[in-house]
$ cat final-v9.cif   # mmCIF, C-alpha atoms
data_protein
loop_
_atom_site.label_atom_id
_atom_site.label_comp_id
_atom_site.auth_asym_id
_atom_site.auth_seq_id
_atom_site.Cartn_x
_atom_site.Cartn_y
_atom_site.Cartn_z
CA MET H 207 172.74 6.74 139.72
CA THR H 208 172.49 10.50 139.41
CA ARG H 209 175.47 12.78 139.76
CA TRP H 210 175.46 15.77 142.00
CA ALA H 211 175.37 19.51 141.72
CA PHE H 212 178.15 21.74 140.61
CA ARG H 213 180.49 19.44 138.74
CA PHE H 214 181.69 19.87 135.17
CA ARG H 215 183.81 17.77 132.86
CA PRO H 216 185.43 19.89 130.14
CA SER H 217 185.70 16.89 127.80
CA GLU H 218 181.95 16.33 127.82
CA ARG H 219 178.98 18.32 126.65
CA PRO H 220 177.83 20.62 129.49
CA LYS H 221 175.14 18.93 131.49
CA ALA H 222 173.14 19.27 134.67
CA LEU H 223 174.46 17.11 137.48
CA CYS H 224 171.84 16.54 140.13
CA ALA H 225 171.16 14.91 143.44
CA GLY H 226 167.70 15.04 144.91
CA ASN H 227 166.39 18.53 144.27
CA ILE H 228 169.81 20.11 143.78
CA CYS H 229 170.80 20.83 140.22
CA GLN H 230 173.38 23.22 138.81
CA VAL H 231 174.72 23.64 135.29
CA TRP H 232 178.33 24.16 134.29
CA GLY H 233 179.25 24.88 130.71
CA ILE H 234 181.32 27.08 128.49
CA ASP H 235 178.50 29.63 128.25
CA GLU H 236 177.02 29.09 131.69
CA LEU H 237 177.64 31.46 134.59
CA LEU H 238 177.33 30.73 138.27
CA TYR H 239 176.53 33.71 140.46
CA GLN H 240 177.16 33.80 144.17
CA GLN H 241 176.10 35.98 147.05
CA ASN H 242 179.59 36.28 148.44
CA ALA H 243 179.97 35.69 151.28
CA ILE H 244 178.48 34.61 154.56
CA CYS H 245 180.66 36.19 157.23
CA LYS H 246 178.25 36.19 160.16
CA SER H 247 176.88 33.19 162.00
CA SER H 248 173.20 32.49 161.24
CA SER H 249 171.49 29.63 159.46
CA HIS H 250 168.56 32.00 158.86
CA LEU H 251 170.86 34.46 157.11
CA ALA H 252 172.38 31.66 155.05
CA ARG H 253 168.93 30.50 154.03
CA SER H 254 167.81 34.02 153.13
CA ILE H 255 170.84 34.55 150.90
CA ALA H 256 170.39 31.15 149.25
CA ARG H 257 166.81 32.11 148.34
CA SER H 258 167.93 35.27 146.53
CA GLY H 259 168.37 33.49 143.19
CA VAL H 260 172.08 32.68 143.34
CA ASP H 261 173.66 29.43 142.17
CA TRP H 262 176.10 29.07 145.06
CA VAL H 263 176.91 30.67 148.38
CA LEU H 264 180.35 30.98 149.90
CA VAL H 265 180.63 30.18 153.59
CA ASP H 266 183.72 32.16 154.51
CA THR H 267 185.69 30.63 157.37
CA GLU H 268 188.88 32.41 156.28
CA HIS H 269 187.86 36.00 156.99
CA GLY H 270 184.33 35.57 158.34
CA ASN H 271 183.15 35.30 161.94
CA LEU H 272 182.17 31.63 161.68
CA ASP H 273 183.12 28.77 163.93
CA ASP H 274 182.87 25.09 163.07
CA ALA H 275 179.28 24.67 164.27
CA ALA H 276 178.10 27.74 162.38
CA MET H 277 179.76 26.45 159.22
CA HIS H 278 177.94 23.12 159.55
CA GLU H 279 174.58 24.85 159.99
CA ALA H 280 175.13 27.26 157.09
CA VAL H 281 176.13 24.48 154.68
CA GLN H 282 173.02 22.43 155.37
CA ALA H 283 170.74 25.51 155.29
CA ILE H 284 172.08 26.54 151.87
CA ALA H 285 171.89 23.04 150.41
CA GLY H 286 168.31 22.76 151.68
CA CYS H 287 167.41 25.63 149.33
CA SER H 288 168.72 23.72 146.27
CA VAL H 289 171.79 25.96 146.13
CA SER H 290 175.41 24.80 146.32
CA PRO H 291 177.34 25.69 149.49
CA VAL H 292 181.05 26.31 148.99
CA VAL H 293 183.29 26.62 152.03
CA ARG H 294 186.39 28.78 151.93
CA ILE H 295 188.76 27.32 154.48
CA PRO H 296 191.40 29.44 156.28
CA ALA H 297 194.45 27.59 154.94
CA CYS H 298 195.56 24.53 153.01
CA GLU H 299 195.55 22.18 156.00
CA GLY H 300 194.11 18.68 155.95
CA TRP H 301 191.81 18.96 158.96
CA MET H 302 190.18 22.07 157.48
CA PHE H 303 189.26 20.22 154.29
CA LYS H 304 187.87 17.36 156.35
CA ARG H 305 185.63 19.58 158.48
CA ALA H 306 184.20 21.50 155.49
CA LEU H 307 183.60 18.50 153.23
CA ASP H 308 182.23 16.37 156.07
CA ALA H 309 179.71 19.16 156.74
CA GLY H 310 178.36 18.62 153.20
CA ALA H 311 180.08 21.35 151.19
CA HIS H 312 179.60 20.95 147.44
CA GLY H 313 182.91 22.69 146.87
CA ILE H 314 186.01 23.75 148.74
CA MET H 315 187.82 27.04 148.14
CA VAL H 316 191.47 27.14 149.17
CA PRO H 317 193.18 30.51 149.68
CA LEU H 318 196.78 31.52 149.03
CA ILE H 319 197.76 28.68 146.72
CA SER H 320 201.14 29.66 145.28
CA SER H 321 202.53 26.62 143.47
CA ALA H 322 201.65 23.40 141.70
CA ASP H 323 202.75 21.52 144.82
CA ASP H 324 200.26 23.53 146.87
CA ALA H 325 197.55 22.67 144.34
CA ARG H 326 198.41 18.97 144.46
CA THR H 327 198.19 19.11 148.26
CA ALA H 328 194.71 20.64 147.98
CA VAL H 329 193.60 17.82 145.68
CA LYS H 330 195.09 15.22 148.02
CA TYR H 331 193.08 16.53 150.96
CA SER H 332 189.90 16.88 148.87
CA LYS H 333 189.74 13.32 147.54
CA PHE H 334 189.13 9.90 148.99
CA PRO H 335 191.74 7.18 148.27
CA PRO H 336 193.20 6.26 145.90
CA ARG H 337 193.22 9.84 144.52
CA GLY H 338 193.77 11.42 147.92
CA ILE H 339 193.86 10.80 151.65
CA ARG H 340 190.51 12.18 152.82
CA GLY H 341 189.06 10.13 155.66
CA PHE H 342 185.59 8.60 155.36
CA GLY H 343 182.97 8.35 158.08
CA SER H 344 181.00 11.57 158.58
CA PRO H 345 177.22 11.09 158.94
CA PHE H 346 176.45 14.62 157.71
CA PRO H 347 177.34 15.26 154.04
CA MET H 348 174.65 13.05 152.51
CA GLY H 349 171.98 15.42 153.78
CA ALA H 350 173.40 18.24 151.66
CA PHE H 351 172.75 16.19 148.52
CA GLY H 352 169.34 14.73 149.29
CA ILE H 353 170.69 11.19 149.60
CA SER H 354 170.91 8.77 152.50
CA SER H 355 173.43 6.24 151.25
CA THR H 356 176.99 6.62 152.53
CA VAL H 357 178.06 4.25 149.74
CA ASP H 358 176.65 6.59 147.09
CA TYR H 359 178.51 9.48 148.66
CA LEU H 360 181.79 7.56 148.81
CA GLU H 361 181.48 6.42 145.19
CA GLN H 362 180.59 9.85 143.79
CA ALA H 363 182.40 12.41 145.93
CA ASN H 364 185.74 12.38 144.13
CA ASP H 365 184.14 13.16 140.78
CA SER H 366 181.38 15.44 142.00
CA LEU H 367 182.84 17.88 144.51
CA VAL H 368 184.53 21.02 143.18
CA THR H 369 188.07 22.00 144.18
CA ILE H 370 188.73 25.72 143.80
CA VAL H 371 192.11 27.35 144.35
CA GLN H 372 192.61 31.06 144.82
CA ILE H 373 195.27 32.85 142.80
CA GLU H 374 196.15 35.86 144.92
CA THR H 375 199.93 36.15 145.23
CA LYS H 376 202.78 37.16 142.93
CA GLU H 377 204.21 33.64 143.24
CA ALA H 378 200.90 32.09 142.24
CA LEU H 379 200.71 34.39 139.22
CA GLU H 380 204.18 33.32 138.13
CA ASN H 381 203.19 29.64 138.53
CA VAL H 382 199.61 29.91 137.29
CA ASP H 383 200.05 27.69 134.22
CA GLU H 384 201.51 24.89 136.32
CA ILE H 385 198.77 25.29 138.94
CA ALA H 386 196.06 25.16 136.27
CA ALA H 387 197.52 21.95 134.87
CA VAL H 388 197.19 20.03 138.14
CA ASP H 389 194.70 17.18 137.77
CA GLY H 390 191.81 17.57 140.19
CA ILE H 391 191.81 21.37 140.25
CA ASP H 392 188.51 22.56 138.80
CA VAL H 393 188.54 26.35 139.17
CA LEU H 394 191.14 29.10 139.38
CA TYR H 395 189.57 31.87 141.44
CA VAL H 396 191.16 35.31 141.50
CA GLY H 397 191.44 37.11 144.84
CA PRO H 398 192.00 40.61 143.40
CA PHE H 399 192.63 42.43 146.68
CA ASP H 400 195.45 40.18 147.86
CA LEU H 401 196.76 39.81 144.31
CA GLY H 402 196.86 43.58 143.90
CA ASN H 403 198.70 43.94 147.21
CA SER H 404 201.17 41.22 146.27
CA ILE H 405 202.11 42.68 142.86
CA GLY H 406 202.38 46.23 144.17
CA HIS H 407 199.05 47.58 142.93
CA PRO H 408 196.63 47.54 145.87
CA ILE H 409 192.99 48.34 145.21
CA THR H 410 192.39 51.73 146.81
CA SER H 411 189.59 53.00 144.55
CA ASP H 412 186.95 51.62 142.20
CA THR H 413 189.51 51.57 139.36
CA LEU H 414 191.90 48.64 139.03
CA HIS H 415 195.47 49.32 137.91
CA PRO H 416 196.21 48.17 134.33
CA ASN H 417 198.85 45.76 135.63
CA LEU H 418 196.27 44.17 137.91
CA HIS H 419 193.87 43.84 134.98
CA ALA H 420 196.68 42.14 133.04
CA ALA H 421 197.35 39.77 135.96
CA ILE H 422 193.66 38.85 136.14
CA GLU H 423 193.60 38.19 132.40
CA LYS H 424 196.67 35.95 132.77
CA VAL H 425 194.81 33.81 135.32
CA TYR H 426 191.79 33.53 133.03
CA ASN H 427 193.97 32.53 130.07
CA ALA H 428 195.77 29.88 132.12
CA ALA H 429 192.48 28.36 133.22
CA ALA H 430 191.12 28.36 129.67
CA ALA H 431 194.27 26.78 128.25
CA ALA H 432 194.06 23.96 130.81
CA GLY H 433 190.35 23.35 130.22
CA LYS H 434 189.48 24.63 133.67
CA ARG H 435 186.99 27.27 134.84
CA ALA H 436 187.89 30.77 136.01
CA GLY H 437 186.28 32.76 138.80
CA ILE H 438 186.85 36.09 140.49
CA TYR H 439 185.77 37.87 143.66
CA CYS H 440 183.63 40.91 142.79
CA VAL H 441 182.28 43.53 145.18
CA ASP H 442 179.03 44.23 143.35
CA GLY H 443 176.83 43.28 140.40
CA ASP H 444 178.34 45.85 138.03
CA GLN H 445 181.82 44.45 138.52
CA ALA H 446 180.53 40.89 138.23
CA HIS H 447 178.83 41.75 134.94
CA MET H 448 182.07 43.27 133.62
CA PHE H 449 184.03 40.11 134.36
CA SER H 450 181.27 37.89 133.00
CA GLN H 451 181.72 39.70 129.69
CA LYS H 452 185.41 38.81 129.85
CA GLY H 453 184.54 35.12 130.07
CA PHE H 454 184.74 34.38 133.79
CA HIS H 455 182.42 31.57 134.87
CA MET H 456 182.18 31.88 138.64
CA LEU H 457 181.36 35.32 140.03
CA SER H 458 180.51 36.83 143.38
CA VAL H 459 178.08 39.73 143.54
CA SER H 460 178.04 40.84 147.18
CA SER H 461 178.56 39.82 150.80
CA ASP H 462 176.26 39.79 153.79
CA MET H 463 178.27 42.51 155.52
CA GLY H 464 178.52 44.64 152.40
CA ALA H 465 174.88 44.20 151.42
CA LEU H 466 173.56 45.07 154.89
CA GLY H 467 175.56 48.26 155.13
CA THR H 468 174.72 49.36 151.59
CA TYR H 469 171.00 48.70 151.92
CA MET H 470 170.74 50.42 155.29
CA SER H 471 172.61 53.52 154.15
CA GLN H 472 170.53 53.76 150.97
CA SER H 473 167.30 53.42 152.92
CA LEU H 474 168.42 56.07 155.40
CA ARG H 475 169.25 58.52 152.61
CA LYS H 476 165.82 57.97 151.10
CA ALA H 477 164.16 58.52 154.48
CA LYS H 478 166.00 61.83 154.76
CA GLY H 479 164.92 62.86 151.27
CA ASP H 480 168.43 62.47 149.91
CA ALA H 481 167.74 59.59 147.54
CA GLU H 482 169.47 61.30 144.61
CA SER H 483 172.84 61.52 146.35
CA VAL H 484 175.73 59.60 144.87
CA ILE H 485 176.19 56.14 146.38
CA GLN H 486 179.75 55.52 147.48
CA VAL H 487 181.36 52.70 145.52
CA SER H 488 182.82 49.91 147.62
CA THR H 489 186.62 49.68 147.56
CA GLY H 490 187.03 46.87 150.09
CA PRO H 491 186.21 43.16 150.01
CA TYR H 492 183.29 43.59 152.39
CA GLY H 493 181.96 46.99 151.47
CA SER H 494 184.26 49.27 153.44
#
$ encode --input "final-v9.cif" --output "structure tokens"
Amino acid sequence: MTRWAFRFRPSERPKALCAGNICQVWGIDELLYQQNAICKSSSHLARSIARSGVDWVLVDTEHGNLDDAAMHEAVQAIAGCSVSPVVRIPACEGWMFKRALDAGAHGIMVPLISSADDARTAVKYSKFPPRGIRGFGSPFPMGAFGISSTVDYLEQANDSLVTIVQIETKEALENVDEIAAVDGIDVLYVGPFDLGNSIGHPITSDTLHPNLHAAIEKVYNAAAAAGKRAGIYCVDGDQAHMFSQKGFHMLSVSSDMGALGTYMSQSLRKAKGDAESVIQVSTGPYGS
């Protein structure tokens, strides 16, 4: 019985974990790049992003303009391109986990986790009994893994789906070692904009405050010490490359809203003969 995409076990040699035609690799020297994030509703857009060469695509139901039906369509469109769909839910509430995982998400990203208790709640909602309380019965997730057996899904889901918690508050930073130690948490993912706001150093330019850099490093170190993976939201490829050199495993490189605006403005400048002008660096999560 094959295992699915996107799962790692720190105690084992890194390996590919596959289902059907979906295969991703996690390992100490492996990076996963993401076109972050889908904010607008379109399965065609989701499919186009998934075909860009990324390893995973975030379907953002926290800040994006996506309803439940659009989330379902995006997840299946991404998975159909042999890329892992990850759904960021709006809050750590049980029904939100259920809707995203039942749609076929390979991973769940949970914002604003501030304590080990919050992290344990996220694991509880992400797992079937006896490890959690997730309900079983959706006819949809198997299609996102190229399988038809509901029994296979039930038997493998707890060990194969990725649970990602965002560290983006002062309280979370203070509790990051305890959060990282929670069994069932796979990735600590830094939300630098909210984290900067929370610790008094908001991101208002393309330069991060030294204290914010130190906070980000603290999250990485906590993940490494607990044998977990570390990720961070990046606004562009240059920033993603910088954090990859610092050891982060899970990196965003853009968003649909940011990429559209950037490409259109660059093309317009070229059309006007102004191709040599300086491109404004993004200072917001979605290119603003």
$ closest_residue --input "final-v9.cif" --among "H:Thr375, H:Ile422, H:Trp301, H:Gly479" --to "Asn403 (chain H)" --atoms "all atoms listed in the file"
H:Thr375
$ atom_distance --input "final-v9.cif" --atom1 "CA of Asp400 (chain H)" --atom2 "CA of Ala328 (chain H)"
19.6 Å
$ resolve_selection --input "final-v9.cif" --expression "the PyMOL selection byres ((chain H and resi 395) around 8)" --output "list of chain:residue names"
H:Ile370, H:Val371, H:Gln372, H:Ile373, H:Val393, H:Leu394, H:Val396, H:Gly397, H:Ala436, H:Gly437, H:Ile438, H:Tyr439, H:Met456
$ resolve_selection --input "final-v9.cif" --expression "the PyMOL selection byres ((chain H and resi 349) around 12)" --output "PyMOL selection string"
chain H and resi 225-228+278-279+281-286+288+308-312+344-348+350-356+359
$ residues_around --input "final-v9.cif" --residues "region 382-388 of chain H" --least-positions-apart "6" --cutoff "8 Å" --atoms "only C-alpha atoms" --output "ChimeraX atom specification"
/H:321-322,325-326,373,394,425,428-429,432,434
$ residues_around --input "final-v9.cif" --residues "Ile409 (chain H)" --least-positions-apart "2" --cutoff "12 Å" --atoms "all atoms listed in the file" --output "list in words"
Gly397, Pro398, Phe399, Asp400, Leu401, Gly402, Asn403, Ser404, Ile405, Gly406, His407, Ser411, Asp412, Thr413, Leu414, His415, Pro416, Asn417, Leu418, His419, Val441, Ser488, Thr489, Gly490 and Pro491 of chain H
$ atom_distance --input "final-v9.cif" --atom1 "CA of Cys298 (chain H)" --atom2 "CA of Pro336 (chain H)"
19.7 Å
$ closest_residue --input "final-v9.cif" --among "H:Pro335, H:Pro296, H:Gly453, H:Pro317" --to "His269 (chain H)" --atoms "all atoms listed in the file"
H:Pro296
$ atom_distance --input "final-v9.cif" --atom1 "CA of Ala256 (chain H)" --atom2 "CA of Ser332 (chain H)"
24.2 Å
$ residues_near_point --input "final-v9.cif" --point "(187.2, 20.6, 142.5)" --cutoff "8 Å" --atoms "all atoms listed in the file" --output "ChimeraX atom specification"
/H:213,313-314,329,332,366-370,390-393
$ closest_residue --input "final-v9.cif" --among "H:Ala431, H:Met463, H:Leu457, H:Ala420" --to "Gly270 (chain H)" --atoms "only C-alpha atoms"
H:Met463
$ resolve_selection --input "final-v9.cif" --expression "the PyMOL selection byres ((chain H and resi 331) around 8)" --output "short mmCIF file (atom, residue, chain, number, x, y, z; two decimals) with C-alpha atoms, keeping the file's coordinate frame"
data_model
loop_
_atom_site.label_atom_id
_atom_site.label_comp_id
_atom_site.auth_asym_id
_atom_site.auth_seq_id
_atom_site.Cartn_x
_atom_site.Cartn_y
_atom_site.Cartn_z
CA GLU H 299 195.55 22.18 156.00
CA GLY H 300 194.11 18.68 155.95
CA PHE H 303 189.26 20.22 154.29
CA LYS H 304 187.87 17.36 156.35
CA THR H 327 198.19 19.11 148.26
CA ALA H 328 194.71 20.64 147.98
CA VAL H 329 193.60 17.82 145.68
CA LYS H 330 195.09 15.22 148.02
CA SER H 332 189.90 16.88 148.87
CA LYS H 333 189.74 13.32 147.54
CA PHE H 334 189.13 9.90 148.99
CA GLY H 338 193.77 11.42 147.92
CA ILE H 339 193.86 10.80 151.65
CA ARG H 340 190.51 12.18 152.82
#
